Each structure stands twice: as C-alpha cells, then as structure tokens.
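Everything on this sheet refers to the single structure shown next.
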Amino acid sequence: MEKMKRIFQSTLSHRNYHPRHRCLSQLAHSHTQSVLKENDDFLIPKMPHFDYTPPPYTGPSAAEISKKRKEYLSPSIVHLFKNPLNLVDGKMQYLYDENGRRYLDAFGGIATVCCGHCHPDVVAAIINQTKRLQHSTVLYLNHAIADFAEALASKLPGDLKVVFFTNSGTEANELALMMARLYTGCHDIISLRNGYHGNAAGTMGATAQSNYKFNTVQIGVHHALNPDQYRGVFGSDGVKYAGDVQEIIDYGTCGRVAGFIAEAIQGVGGILELAPGYLPAVYSSIRKAGGLCIADEVQSGFARTGSHFWGFEAHDVVPDIVTMAKGIGNGIPIGAVVTTPEIAKVLTYRTYFNTFGGNPVCAAGGLAVLRVIEKEKLQQNAFVVGSYLKERLTSLKDKHEIIGDVRGRGLMLGIELVTDRQLKTPAKAEILHLMDQMKELGVLVGKGGFHGNVFRITPPLCFTKEDADFLVDVMDYTLSKM
C-alpha cells in the first residue's frame, strides 16, 4: 500500500507539460527514455510534463456514481478495473480523475479521440454552431452538412463522393449492408471470422465473435477464414486465405453475392492487420460474383494508421462503399457511409431518412476534426510516433516471454500476451492484472481479441515520443514485477 501511495504521488505531481510538445518539430529529437524517479528499492517511470491543471471537481464520487449506475443503467455495462475510474476532465492526450490525478490515455475512448480530448478548435466549432442552430433536420438547407460532406468526399479515392451521415458505426454498417443487398438484388454477405461490425440486427450477423452475438435470427451471412498473420493456418500468405472466400461463393451461395465487408485492421478482434495480398484477391472474387466491397473504417480511418488516411489504402484497393465513425468526430456521436453516385441511387427507390444524421452541430464538429488533422499534421505524427512506439514495444518482446506478438501500424497497435509462446496460450488473467497495475502508474490502455488477451493501444493522434517512452517504461516496469 505504501508503494502504491508513492506511485500515486509520483504521477500526480507531474502535470505540467508545454503545448509545443504536440508539435511535429518535437519528433525530430533523438531518442530519450522517460525520466525514471528513484523511490526506495525500485524505479518508477515519471510522466511527461504537461502545462494544464483541471478545475476543481465538485460532483459525485466514484462510489456514488457506481451506485447510481448499478441501479439505473443497463447491467450489461462493464468497467475495466477492480476499482472503477471516475474521469471528469480531459486535455489532449491526458485524462483526469475526480482527485485531479492525471492519466496518459493510450486507448482514446476506443480509437475515437483523434485530435485530442477537448481540442480547442473542435470545441469552438461545436459551441459556435450550437449557439446558431442546434438542429433542423435535412429537410431544410444548412451549410454545415454540405460543407462537411464535401470535405469528407475529398479524402476518398475514385468516385466515392456521395455521403450518408449516421449516428454511429453500427448504423453506418447497417446502412452499407442494406445498400449492397438493394443494389445487387442478392442477399448473401461474406465477412471475416473474428471481425466486429456492430450489434444491431444486420451487423451482428456480420460480426463473427460469439462474445458479441446474441441468439437472434441472423441469416444471409457467411464467415470466411480470417487472414490472421499470428494464429492463422497460412501465416502471412493473404492469397491462400482468399481462396476460402471463393469456396464460400462456389459452395455456399448461388454463385452471386451482395457483398463483402471487412476491417483492414480488426480492432475489437485484437488489432489484427489483414495478411498482405488478401484484399486485392478477395475484392476480385467478390466483384466477379456481382458483389460490392465494403471497407469498415470505423476504427482504422481518419489518419490513425499513419501511413495512410484510410486503412484499406495500405492494401492497394478501392472499395465500393466505405463506412466510418469514431475518429470522424473526436467523440461526437456521428458516423457516415460514403459510396458512388450509382450505388447511392438505391435509396431513392423508397424513402430513406435519418433524423439526426448530419445534425448541424455534429457536422460542424466533424469538419473541424478534418481541419485539425490537416493543420497539425496528425497523420504524419501517427506514422512517426507510431513507428517509434512499435519499435520500442517490439524490443520488450525480447525481454518478456509473456509478449507473444506486437502488431498494427501507426497509432493502432496491439500486444498479444500469452503464457506459452509455442502453444500461444492466451494470458487472460495476466492482462487484467497488468492493466490495473498500469492504471496505478498513470497509463490507460484497452484490451481486445477473441480471448481478451491483447493490449489495444489507440491513443489520440497528438501522442508524442515522450508519451510513447512513458507508456513503454510503465509496461516494462509492470511486466518486470509479475
């Protein structure tokens, strides 16, 4: 307990950090380990300086909130730690609890916060639009939705320029699946095992993890072999995995399909990047069968992968439909479907309407997000800092046997923990313990994968090399104490 107290005070006392550390110029600095503070018989990683102090919190305590949550909210809602964290403030890549203690956010609200918590430009855009007009519906003209649609379409290749706004990623994927079925006149959809696309009727069918599927009617979806480069039967040979999609078309359908949906990097599935060569081969098979190719960019989109703005671009393919959410609004509830003018026409055959899709406030916030990504060169930052972080995390693999794999790209990274490297036995209990210990040291990470044994590292894109060093040092410290 005394040791934990000293750890708490170490992280609490280092809140000051100059905003220029967000600037890309800092990336040119040579490698520096995060400063280690000597504390009796062990060294504790010291959090980078940050020049911000949150206002005093006067709201209910964590215990009071937990009591209300238990009484009034769905029992399906869970929390990550033994002692639930009550977060009350956020600033860029940092979060603050009810006591003013600072945490490095390496999870980004599940790959959602891209510009940084409470980014001033995004906040200003939301406030200004709210003061002017909060809601009107798309039955009336308003420049906010048109301006955002135009800016969004400019970020996509080819003829992908018609935008449908939604409220979430699940809703975006539901709409994309329906459009594919309407356009092709076919019902069969092919998705990947271990993929996650949402929790509504259609998307639950496309999702292929039993943890996220209820026993409801889910028809017309076939789940193909996952091109998993770590656990898969064909290793990194994407073309061999793609053969399973062709076999599904040949033996599981009438020979024609509505479409194929996949994430370029499976997020909930444990940050699994599809094997090279897979998507080009699959897209070819699907199109020969009359189907449409849907790219689920809910987590990997909006510059997160660093090397590209969209995850699918790393595979040298152009989808027919792209779905997105999370990073699109930096925390605002908004999603979108982007497709071609020809495919978009299918929704004119009946009345399609979305009350809140393209709400002026959300659209204004979304446009501000795009502008911040460009202005602050966050894609380049994600590439440079992400590559640096991945290299440092990979070096831990040589030191700690529990690390089975380090993967991903940019600031969408995964670390799979195993108790046996040969058998690849999932370290389910160990990851929970490590997450709790890292939280005590001031670092918040997520977890995922079918077995729940993968650290998900998806921080705000303003993450710095100093933050990366601190994260790695905390992880190294906690692994060393196991």
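Chains: A, B, ... in order of the structure tokens. Residues: from 1 per chain. Ligands: from 1, in order shown.
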Legend entry - Backbone-only DSSP, strand (DSSP E or B) members of range 55-234 of chain A, as a list in words: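 Answer for range 55-234 of chain A restricted to strand (DSSP E or B) is Leu87, Val88, Asp89, Gly90, Lys91, Met92, Tyr94, Leu95, Tyr96, Asp97, Arg102, Tyr103, Leu104, Asp105, His117, Val162, Val163, Phe164, Phe165, Thr166, Ile189, Ile190, Ser191, Leu192, Val221, His222, His223 and Ala224 of chain A.
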Inset, instruction - Tell me, as a PyMOL selection string, which residues lie within 10 Å of Val163 in chain A, counting only C-alpha atoms; anything in the same chain fewer than 5 positions away does not count. - result: chain A and resi 145-146+148-150+152-153+322-323+336-341+344+358
Take the residues just selected and output them with N, CA and C atoms as a PDB file, in the first residue's frame.
```
ATOM      1  N   ILE A 145     -23.784  20.596 -43.020  1.00  0.00           N
ATOM      2  CA  ILE A 145     -23.751  19.225 -43.528  1.00  0.00           C
ATOM      3  C   ILE A 145     -23.147  19.170 -44.926  1.00  0.00           C
ATOM      4  N   ALA A 146     -23.437  20.169 -45.764  1.00  0.00           N
ATOM      5  CA  ALA A 146     -22.893  20.194 -47.127  1.00  0.00           C
ATOM      6  C   ALA A 146     -21.385  20.424 -47.121  1.00  0.00           C
ATOM      7  N   PHE A 148     -19.274  19.713 -44.727  1.00  0.00           N
ATOM      8  CA  PHE A 148     -18.583  18.542 -44.189  1.00  0.00           C
ATOM      9  C   PHE A 148     -18.568  17.408 -45.210  1.00  0.00           C
ATOM     10  N   ALA A 149     -19.687  17.188 -45.895  1.00  0.00           N
ATOM     11  CA  ALA A 149     -19.756  16.130 -46.911  1.00  0.00           C
ATOM     12  C   ALA A 149     -18.730  16.374 -48.017  1.00  0.00           C
ATOM     13  N   GLU A 150     -18.619  17.617 -48.445  1.00  0.00           N
ATOM     14  CA  GLU A 150     -17.654  17.965 -49.489  1.00  0.00           C
ATOM     15  C   GLU A 150     -16.222  17.687 -49.026  1.00  0.00           C
ATOM     16  N   LEU A 152     -15.228  15.662 -46.645  1.00  0.00           N
ATOM     17  CA  LEU A 152     -15.050  14.232 -46.421  1.00  0.00           C
ATOM     18  C   LEU A 152     -14.839  13.497 -47.740  1.00  0.00           C
ATOM     19  N   ALA A 153     -15.645  13.833 -48.749  1.00  0.00           N
ATOM     20  CA  ALA A 153     -15.532  13.189 -50.059  1.00  0.00           C
ATOM     21  C   ALA A 153     -14.160  13.442 -50.683  1.00  0.00           C
ATOM     22  N   VAL A 322     -17.567   2.799 -48.230  1.00  0.00           N
ATOM     23  CA  VAL A 322     -16.701   2.955 -47.050  1.00  0.00           C
ATOM     24  C   VAL A 322     -17.566   3.420 -45.879  1.00  0.00           C
ATOM     25  N   THR A 323     -17.419   2.748 -44.744  1.00  0.00           N
ATOM     26  CA  THR A 323     -18.147   3.155 -43.540  1.00  0.00           C
ATOM     27  C   THR A 323     -17.157   3.720 -42.528  1.00  0.00           C
ATOM     28  N   ALA A 336     -20.713   7.742 -40.847  1.00  0.00           N
ATOM     29  CA  ALA A 336     -21.018   8.064 -42.238  1.00  0.00           C
ATOM     30  C   ALA A 336     -20.807   6.851 -43.131  1.00  0.00           C
ATOM     31  N   VAL A 337     -21.523   6.861 -44.245  1.00  0.00           N
ATOM     32  CA  VAL A 337     -21.339   5.899 -45.325  1.00  0.00           C
ATOM     33  C   VAL A 337     -21.018   6.715 -46.568  1.00  0.00           C
ATOM     34  N   VAL A 338     -19.948   6.354 -47.257  1.00  0.00           N
ATOM     35  CA  VAL A 338     -19.587   7.051 -48.495  1.00  0.00           C
ATOM     36  C   VAL A 338     -19.554   6.039 -49.626  1.00  0.00           C
ATOM     37  N   THR A 339     -20.209   6.362 -50.731  1.00  0.00           N
ATOM     38  CA  THR A 339     -20.262   5.447 -51.868  1.00  0.00           C
ATOM     39  C   THR A 339     -20.301   6.223 -53.170  1.00  0.00           C
ATOM     40  N   THR A 340     -20.543   5.536 -54.263  1.00  0.00           N
ATOM     41  CA  THR A 340     -20.573   6.174 -55.575  1.00  0.00           C
ATOM     42  C   THR A 340     -21.980   6.686 -55.881  1.00  0.00           C
ATOM     43  N   PRO A 341     -22.115   7.629 -56.807  1.00  0.00           N
ATOM     44  CA  PRO A 341     -23.450   8.131 -57.176  1.00  0.00           C
ATOM     45  C   PRO A 341     -24.370   7.019 -57.673  1.00  0.00           C
ATOM     46  N   ALA A 344     -25.521   4.956 -54.693  1.00  0.00           N
ATOM     47  CA  ALA A 344     -26.341   5.799 -53.812  1.00  0.00           C
ATOM     48  C   ALA A 344     -27.790   5.893 -54.270  1.00  0.00           C
ATOM     49  N   GLY A 358     -26.153  13.939 -39.845  1.00  0.00           N
ATOM     50  CA  GLY A 358     -25.766  15.234 -40.403  1.00  0.00           C
ATOM     51  C   GLY A 358     -26.284  16.410 -39.612  1.00  0.00           C
TER      52      GLY A 358
END
```
Legend entry - Minimum-distance residue to Phe165 in chain A, chosen among A:Pro360, A:Pro276, A:Gly404, A:Gly449 (using only C-alpha atoms):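 Among A:Pro360, A:Pro276, A:Gly404, A:Gly449, it is A:Pro360 that comes nearest to Phe165 in chain A.
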Inset, instruction - Rank A:Ala151, A:Met412, A:Ala368, A:Val384 by their smallest atom-to-atom distance to Ala264 in chain A, using only C-alpha atoms, and report the top residue only. - result: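 With only C-alpha atoms as the atom set, the closest residue is A:Met412.
In this structure, CA of Gly301 in chain A sits 27.8 Å away from CA of Arg102 in chain A.
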Legend entry - alpha helix (DSSP H) residues, from DSSP on the backbone, in range 240-300 of chain A, as an NGL selection string: :A and (240-252 or 278-288)
Inset, instruction - Compare A:Gln93, A:Asn453, A:Ser168, A:Ser76 by their minimum atom-to-atom distance to Ile328 in chain A, counting only C-alpha atoms, and give me the closest one. - result: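 Under the stated criterion, the closest residue is A:Ser168.
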Inset, instruction - Identify which of the residues A:Cys462, A:Leu160, A:Cys362, A:Ile261 lies closest to Leu192 in chain A, counting only C-alpha atoms when measuring atom-to-atom distances. - result: A:Ile261
Inset, instruction - Compile the contact shell of Val268 in chain A as a list in words: residues with an atom at most 8 Å away, counting only C-alpha atoms, same-chain residues fewer than 2 positions apart removed. - result: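 Close residues of Val268 in chain A: Gly195, Tyr196, Gln266, Gly270, Ile271, Gly448 and Gly449 of chain A.
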Inset, instruction - Write out as a count of residues only the residues lying within 12 Å of Glu342 in chain A, counting only C-alpha atoms and excluding same-chain residues fewer than 6 positions away. - result: 11
Inset, instruction - Identify, on the basis of only C-alpha atoms, every residue whose closest approach to Val282 in chain A does not exceed 10 Å; exclude the query and any residue fewer than 6 positions from it along the same chain; express the result as a PyMOL selection string. - result: chain A and resi 238-239+241-246+260+288+293
Inset, instruction - Work out how far apart CA of Ser61 in chain A and CA of Val78 in chain A are and give it in Å to one decimal. - result: 17.9 Å
Can you pull out the residues contacting Gly169 in chain A? Cut-off 7 Å, using only C-alpha atoms, and skip same-chain residues under 2 positions away; I want them as a PDB file with all heavy atoms, in the first residue's frame.
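Written file, selection_34.pdb:
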```pdb
ATOM      1  N   GLU A 171     -24.677   1.826 -37.084  1.00  0.00           N
ATOM      2  CA  GLU A 171     -25.700   2.323 -38.009  1.00  0.00           C
ATOM      3  C   GLU A 171     -25.143   2.477 -39.424  1.00  0.00           C
ATOM      4  O   GLU A 171     -25.821   2.186 -40.410  1.00  0.00           O
ATOM      5  CB  GLU A 171     -26.244   3.654 -37.496  1.00  0.00           C
ATOM      6  CG  GLU A 171     -27.523   4.098 -38.187  1.00  0.00           C
ATOM      7  CD  GLU A 171     -28.061   5.382 -37.594  1.00  0.00           C
ATOM      8  OE1 GLU A 171     -28.470   5.360 -36.418  1.00  0.00           O
ATOM      9  OE2 GLU A 171     -28.076   6.404 -38.310  1.00  0.00           O
ATOM     10  N   ALA A 172     -23.894   2.927 -39.516  1.00  0.00           N
ATOM     11  CA  ALA A 172     -23.254   3.074 -40.831  1.00  0.00           C
ATOM     12  C   ALA A 172     -23.119   1.719 -41.515  1.00  0.00           C
ATOM     13  O   ALA A 172     -23.407   1.573 -42.717  1.00  0.00           O
ATOM     14  CB  ALA A 172     -21.888   3.736 -40.674  1.00  0.00           C
ATOM     15  N   ASN A 173     -22.690   0.711 -40.767  1.00  0.00           N
ATOM     16  CA  ASN A 173     -22.539  -0.619 -41.351  1.00  0.00           C
ATOM     17  C   ASN A 173     -23.880  -1.245 -41.704  1.00  0.00           C
ATOM     18  O   ASN A 173     -23.999  -1.948 -42.712  1.00  0.00           O
ATOM     19  CB  ASN A 173     -21.752  -1.522 -40.398  1.00  0.00           C
ATOM     20  CG  ASN A 173     -20.268  -1.231 -40.411  1.00  0.00           C
ATOM     21  OD1 ASN A 173     -19.729  -0.779 -41.419  1.00  0.00           O
ATOM     22  ND2 ASN A 173     -19.593  -1.469 -39.297  1.00  0.00           N
ATOM     23  N   GLY A 198     -20.658  -4.298 -35.427  1.00  0.00           N
ATOM     24  CA  GLY A 198     -21.765  -3.652 -34.740  1.00  0.00           C
ATOM     25  C   GLY A 198     -22.643  -4.655 -34.022  1.00  0.00           C
ATOM     26  O   GLY A 198     -22.435  -5.868 -34.089  1.00  0.00           O
ATOM     27  N   VAL A 298     -14.314   2.195 -39.365  1.00  0.00           N
ATOM     28  CA  VAL A 298     -14.778   2.792 -38.116  1.00  0.00           C
ATOM     29  C   VAL A 298     -13.618   3.040 -37.151  1.00  0.00           C
ATOM     30  O   VAL A 298     -13.565   4.082 -36.491  1.00  0.00           O
ATOM     31  CB  VAL A 298     -15.863   1.911 -37.462  1.00  0.00           C
ATOM     32  CG1 VAL A 298     -16.179   2.390 -36.043  1.00  0.00           C
ATOM     33  CG2 VAL A 298     -17.137   1.933 -38.306  1.00  0.00           C
ATOM     34  N   MET A 324     -17.644   4.652 -41.710  1.00  0.00           N
ATOM     35  CA  MET A 324     -16.748   5.310 -40.748  1.00  0.00           C
ATOM     36  C   MET A 324     -17.532   5.837 -39.551  1.00  0.00           C
ATOM     37  O   MET A 324     -18.752   6.048 -39.631  1.00  0.00           O
ATOM     38  CB  MET A 324     -16.005   6.454 -41.440  1.00  0.00           C
ATOM     39  CG  MET A 324     -16.903   7.494 -42.053  1.00  0.00           C
ATOM     40  SD  MET A 324     -16.084   8.544 -43.301  1.00  0.00           S
ATOM     41  CE  MET A 324     -15.948   7.426 -44.696  1.00  0.00           C
ATOM     42  N   ALA A 325     -16.846   6.044 -38.456  1.00  0.00           N
ATOM     43  CA  ALA A 325     -17.412   6.632 -37.228  1.00  0.00           C
ATOM     44  C   ALA A 325     -16.224   6.950 -36.323  1.00  0.00           C
ATOM     45  O   ALA A 325     -15.156   7.274 -36.813  1.00  0.00           O
ATOM     46  CB  ALA A 325     -18.396   5.671 -36.568  1.00  0.00           C
ATOM     47  N   GLY A 335     -21.461   9.117 -37.572  1.00  0.00           N
ATOM     48  CA  GLY A 335     -20.871   8.117 -38.456  1.00  0.00           C
ATOM     49  C   GLY A 335     -21.219   8.499 -39.878  1.00  0.00           C
ATOM     50  O   GLY A 335     -21.953   9.470 -40.116  1.00  0.00           O
TER      51      GLY A 335
END
```
